[in-house]
Amino acid sequence: MSRAQRDHGGGLDAAVEGFGGARGEWLDLSTGINPVPYPLPDIPGNTWAALPDSAGQQELLIAARKFWQAPDSAGILAASGVSALISQLPRLAGPATVGISNPTYNEHEAAFRSHGWVPESSGSANVYVHPNNPDGRLFDSEDIKKRHRVLTIIDESFCDVCPENSLIHLTEKKGVIVLKGLGKFWGLAGLRLGFAIARPDTIARLANMLGPWAVSGPAQYVGTSALSDHNWATNTRQRLTQDAAKLDKIVCGSRAQLSGGTSLFRLYEVGEAKRVQDMLAKRHIWSRVFPYSEGLLRLGLPGNEDGWCRLESAVKEL
């Protein structure tokens with residue numbers, strides 16, 4: 001799977017080129033990124049001028065351990081985004097066979113393929129996106145333990161909307177790695193801050209692969225602030241739940257059927273998804289369709305009242 005063949009949300013520049021309008025006029029609902037991001041704190045000027053220090057990194061990891069309630073036996077590594085970690089994980093073993101429950105976020109398969117691994121239904125390595133993107137499916141911890149062989153990767157990029165479902169306790173087992181990030185729930189995709197949680201020996205190997213200064217000083221500072229703000233997280237989960245229900249009411253009233261999702265994105269069966277995407281795009285609203293399905297359309301959440309009104313108006317005309 002080449003970089004050109006990988007399918008993602010976003011791509012707003014291509015939408016603008018195809019359907020016109022200025023980029024700022026578009027309502028981008030093609031990703032599962034929280035449209036009301038964590039408010040950035042005032043970042044001290046010295047964090048931009050100096051190399052990231054070990055004290056700032058340690059504060060970040062302490063905040064991450066507490067927020068995600070990582071087992072005492074687990075180590076934590078911060079990196080410049082979950083994608084940076086995904087690209088390195090296949091180097092921890094193999095190459096052999098890797099089991100990936102498709103359809104799902106396709107960077108995992110692409111990373112394993114690039115390192116010579118062969119995708120199968122189950123392998124010496126197994127990958128779970130939990131909750132899954134795009135259908136929101138959750139995986140059972142006992143099933144994961146039964147299938148575990150050499151390497152198990154649990155990508156919890158969307159799990160902060162439902163922390164009670166986290167499988168972080170499985171990191172006590174050798175070869176199990178849980179991935180977390182601040183891009184989706186916190187809405188800080190541009191910060192490029194991701195984490196791997198696993199046994200200390202695995203974390204040490206990953207840290208050696210990434211090299212020094214894997215996280216910038218400003219990212220350390222913002223990440224520590226975000227992960228320490230538990231009240232913001234609680235309030236945000238409540239708002240996202242309400243907004244997801246509002247989105248369902250708007251979209252399912254137009255003969256669409258809910259097919260899954262999380263409180264950050266919803267998946268609908270709409271019949272002719274590309275036609276619906278184009279009709280929304282003519283109104284400068286960008287959505288997500290999938291190359292493996294003619295009927296599935298994914299929508300994220302509008303971030304303000306104007307966005308909600310635009311979407312509701314557009315859906316009524318479909």
# chains A, B, ... in the order shown; residues from 1 in each chain; ligands from 1
$ select_by_dssp --residues "segment 231-314 of chain A" --states "helix (DSSP H, G or I)" --output "PyMOL selection string"
chain A and resi 231-252+273-281+305-314
$ select_by_dssp --residues "segment 112-209 of chain A" --states "strand (DSSP E)" --output "list in words"
Val118, Pro119, Glu120, Ala125, Asn126, Val127, Tyr128, Val129, Leu151, Thr152, Ile153, Ile154, Asp155, Val176, Ile177, Val178, Leu179, Lys180, Gly181, Gly194, Phe195, Ala196, Ile197 and Ala198 of chain A
$ write_last_selection --atoms "N, CA and C atoms" --output "mmCIF file, in the first residue's frame"
data_model
loop_
_atom_site.group_PDB
_atom_site.id
_atom_site.type_symbol
_atom_site.label_atom_id
_atom_site.label_comp_id
_atom_site.auth_asym_id
_atom_site.auth_seq_id
_atom_site.Cartn_x
_atom_site.Cartn_y
_atom_site.Cartn_z
ATOM 1 N N VAL A 118 3.216 -9.646 6.322
ATOM 2 C CA VAL A 118 2.121 -10.085 5.457
ATOM 3 C C VAL A 118 0.816 -10.058 6.248
ATOM 4 N N PRO A 119 -0.171 -9.239 5.829
ATOM 5 C CA PRO A 119 -1.454 -9.183 6.540
ATOM 6 C C PRO A 119 -2.251 -10.479 6.373
ATOM 7 N N GLU A 120 -2.786 -10.981 7.469
ATOM 8 C CA GLU A 120 -3.679 -12.128 7.472
ATOM 9 C C GLU A 120 -4.771 -11.877 8.513
ATOM 10 N N ALA A 125 1.775 -10.917 15.045
ATOM 11 C CA ALA A 125 1.424 -9.587 15.553
ATOM 12 C C ALA A 125 -0.044 -9.340 15.225
ATOM 13 N N ASN A 126 -0.735 -8.630 16.111
ATOM 14 C CA ASN A 126 -2.140 -8.300 15.891
ATOM 15 C C ASN A 126 -2.381 -6.843 16.262
ATOM 16 N N VAL A 127 -3.223 -6.183 15.475
ATOM 17 C CA VAL A 127 -3.511 -4.762 15.666
ATOM 18 C C VAL A 127 -5.007 -4.570 15.884
ATOM 19 N N TYR A 128 -5.334 -3.749 16.882
ATOM 20 C CA TYR A 128 -6.730 -3.421 17.181
ATOM 21 C C TYR A 128 -6.850 -1.909 17.335
ATOM 22 N N VAL A 129 -7.756 -1.288 16.573
ATOM 23 C CA VAL A 129 -8.076 0.119 16.781
ATOM 24 C C VAL A 129 -9.336 0.128 17.641
ATOM 25 N N LEU A 151 3.428 -9.813 19.431
ATOM 26 C CA LEU A 151 3.221 -8.366 19.476
ATOM 27 C C LEU A 151 1.741 -8.059 19.318
ATOM 28 N N THR A 152 1.188 -7.266 20.232
ATOM 29 C CA THR A 152 -0.195 -6.824 20.141
ATOM 30 C C THR A 152 -0.227 -5.311 20.294
ATOM 31 N N ILE A 153 -0.817 -4.640 19.307
ATOM 32 C CA ILE A 153 -0.911 -3.188 19.315
ATOM 33 C C ILE A 153 -2.376 -2.802 19.461
ATOM 34 N N ILE A 154 -2.674 -1.979 20.465
ATOM 35 C CA ILE A 154 -4.039 -1.505 20.709
ATOM 36 C C ILE A 154 -4.022 0.013 20.570
ATOM 37 N N ASP A 155 -4.584 0.479 19.472
ATOM 38 C CA ASP A 155 -4.592 1.909 19.173
ATOM 39 C C ASP A 155 -5.843 2.531 19.798
ATOM 40 N N VAL A 176 2.584 -6.262 24.577
ATOM 41 C CA VAL A 176 1.342 -5.508 24.356
ATOM 42 C C VAL A 176 1.649 -4.015 24.458
ATOM 43 N N ILE A 177 1.233 -3.272 23.449
ATOM 44 C CA ILE A 177 1.486 -1.836 23.385
ATOM 45 C C ILE A 177 0.164 -1.107 23.175
ATOM 46 N N VAL A 178 -0.125 -0.123 24.009
ATOM 47 C CA VAL A 178 -1.310 0.717 23.841
ATOM 48 C C VAL A 178 -0.855 2.094 23.368
ATOM 49 N N LEU A 179 -1.523 2.605 22.345
ATOM 50 C CA LEU A 179 -1.213 3.920 21.793
ATOM 51 C C LEU A 179 -2.282 4.931 22.207
ATOM 52 N N LYS A 180 -1.841 6.119 22.578
ATOM 53 C CA LYS A 180 -2.738 7.219 22.940
ATOM 54 C C LYS A 180 -2.261 8.484 22.231
ATOM 55 N N GLY A 181 -3.136 9.468 22.117
ATOM 56 C CA GLY A 181 -2.725 10.710 21.483
ATOM 57 C C GLY A 181 -3.605 11.873 21.878
ATOM 58 N N GLY A 194 1.876 12.031 20.682
ATOM 59 C CA GLY A 194 1.325 10.703 20.901
ATOM 60 C C GLY A 194 2.131 9.948 21.933
ATOM 61 N N PHE A 195 1.556 8.853 22.446
ATOM 62 C CA PHE A 195 2.189 8.094 23.525
ATOM 63 C C PHE A 195 2.087 6.597 23.254
ATOM 64 N N ALA A 196 3.112 5.884 23.668
ATOM 65 C CA ALA A 196 3.085 4.427 23.701
ATOM 66 C C ALA A 196 3.211 3.996 25.152
ATOM 67 N N ILE A 197 2.365 3.062 25.568
ATOM 68 C CA ILE A 197 2.415 2.506 26.919
ATOM 69 C C ILE A 197 2.652 1.007 26.780
ATOM 70 N N ALA A 198 3.689 0.511 27.426
ATOM 71 C CA ALA A 198 4.060 -0.904 27.315
ATOM 72 C C ALA A 198 5.045 -1.218 28.435
#
$ atom_distance --atom1 "atom CA of Pro302 of chain A" --atom2 "atom CA of Val251 of chain A"
12.7 Å
$ residues_around --residues "Ala78 of chain A" --least-positions-apart "4" --cutoff "12 Å" --atoms "only C-alpha atoms" --output "number ranges by chain"
A: 54, 56-65, 82-85, 179-182, 192-198, 203-204, 206-207, 210-217, 219-220, 223-224
$ closest_residue --among "A:Pro200, A:Gly11, A:Gly21, A:Gly295" --to "Ala74 of chain A" --atoms "only C-alpha atoms"
A:Pro200
$ residues_around --residues "segment 166-171 of chain A" --least-positions-apart "6" --cutoff "9 Å" --atoms "only C-alpha atoms" --output "list in words"
Trp68, Gln69, Ala70, Pro71, Ser73, Ala74, Gly75, His130, Phe139, Asp140, Ser141, Lys145, Ile154, Glu156, Cys159, Asp160, Ile177, Val178, Ile197, Ala198 and Arg199 of chain A
$ write_last_selection --atoms "N, CA and C atoms" --output "short mmCIF file (atom, residue, chain, number, x, y, z; two decimals), in the first residue's frame"
data_model
loop_
_atom_site.label_atom_id
_atom_site.label_comp_id
_atom_site.auth_asym_id
_atom_site.auth_seq_id
_atom_site.Cartn_x
_atom_site.Cartn_y
_atom_site.Cartn_z
N TRP A 68 -4.31 8.48 32.28
CA TRP A 68 -4.73 7.21 31.67
C TRP A 68 -4.67 6.03 32.65
N GLN A 69 -4.26 6.31 33.88
CA GLN A 69 -4.21 5.27 34.91
C GLN A 69 -3.41 4.06 34.43
N ALA A 70 -2.23 4.34 33.94
CA ALA A 70 -1.35 3.28 33.44
C ALA A 70 -0.87 2.41 34.59
N PRO A 71 -0.72 1.11 34.37
CA PRO A 71 -0.21 0.23 35.43
C PRO A 71 1.17 0.68 35.90
N SER A 73 3.61 -1.04 36.50
CA SER A 73 4.66 -1.83 35.85
C SER A 73 4.95 -1.37 34.43
N ALA A 74 4.11 -0.48 33.87
CA ALA A 74 4.27 -0.06 32.48
C ALA A 74 5.16 1.16 32.37
N GLY A 75 5.85 1.25 31.24
CA GLY A 75 6.59 2.45 30.88
C GLY A 75 5.78 3.27 29.90
N HIS A 130 -9.20 0.66 18.87
CA HIS A 130 -10.20 0.45 19.93
C HIS A 130 -10.52 1.78 20.62
N PHE A 139 -13.24 -3.98 21.27
CA PHE A 139 -12.71 -5.34 21.30
C PHE A 139 -12.69 -5.87 22.72
N ASP A 140 -12.85 -7.17 22.84
CA ASP A 140 -12.89 -7.85 24.13
C ASP A 140 -11.48 -8.21 24.59
N SER A 141 -11.17 -7.86 25.83
CA SER A 141 -9.81 -8.09 26.33
C SER A 141 -9.44 -9.57 26.37
N LYS A 145 -6.26 -11.36 24.48
CA LYS A 145 -5.27 -12.17 25.19
C LYS A 145 -5.12 -13.55 24.56
N ILE A 154 -2.67 -1.98 20.47
CA ILE A 154 -4.04 -1.51 20.71
C ILE A 154 -4.02 0.01 20.57
N GLU A 156 -5.65 3.28 20.88
CA GLU A 156 -6.76 3.90 21.60
C GLU A 156 -6.83 5.41 21.33
N CYS A 159 -10.23 6.45 22.31
CA CYS A 159 -10.79 5.84 23.52
C CYS A 159 -11.00 6.83 24.66
N ASP A 160 -10.51 8.05 24.53
CA ASP A 160 -10.70 9.01 25.63
C ASP A 160 -12.13 9.50 25.72
N ILE A 177 1.23 -3.27 23.45
CA ILE A 177 1.49 -1.84 23.38
C ILE A 177 0.16 -1.11 23.17
N VAL A 178 -0.12 -0.12 24.01
CA VAL A 178 -1.31 0.72 23.84
C VAL A 178 -0.85 2.09 23.37
N ILE A 197 2.37 3.06 25.57
CA ILE A 197 2.42 2.51 26.92
C ILE A 197 2.65 1.01 26.78
N ALA A 198 3.69 0.51 27.43
CA ALA A 198 4.06 -0.90 27.32
C ALA A 198 5.04 -1.22 28.43
N ARG A 199 5.50 -2.47 28.48
CA ARG A 199 6.51 -2.82 29.48
C ARG A 199 7.79 -2.03 29.23
#
$ atom_distance --atom1 "atom CA of Ser225 of chain A" --atom2 "atom CA of Asp72 of chain A"
21.8 Å
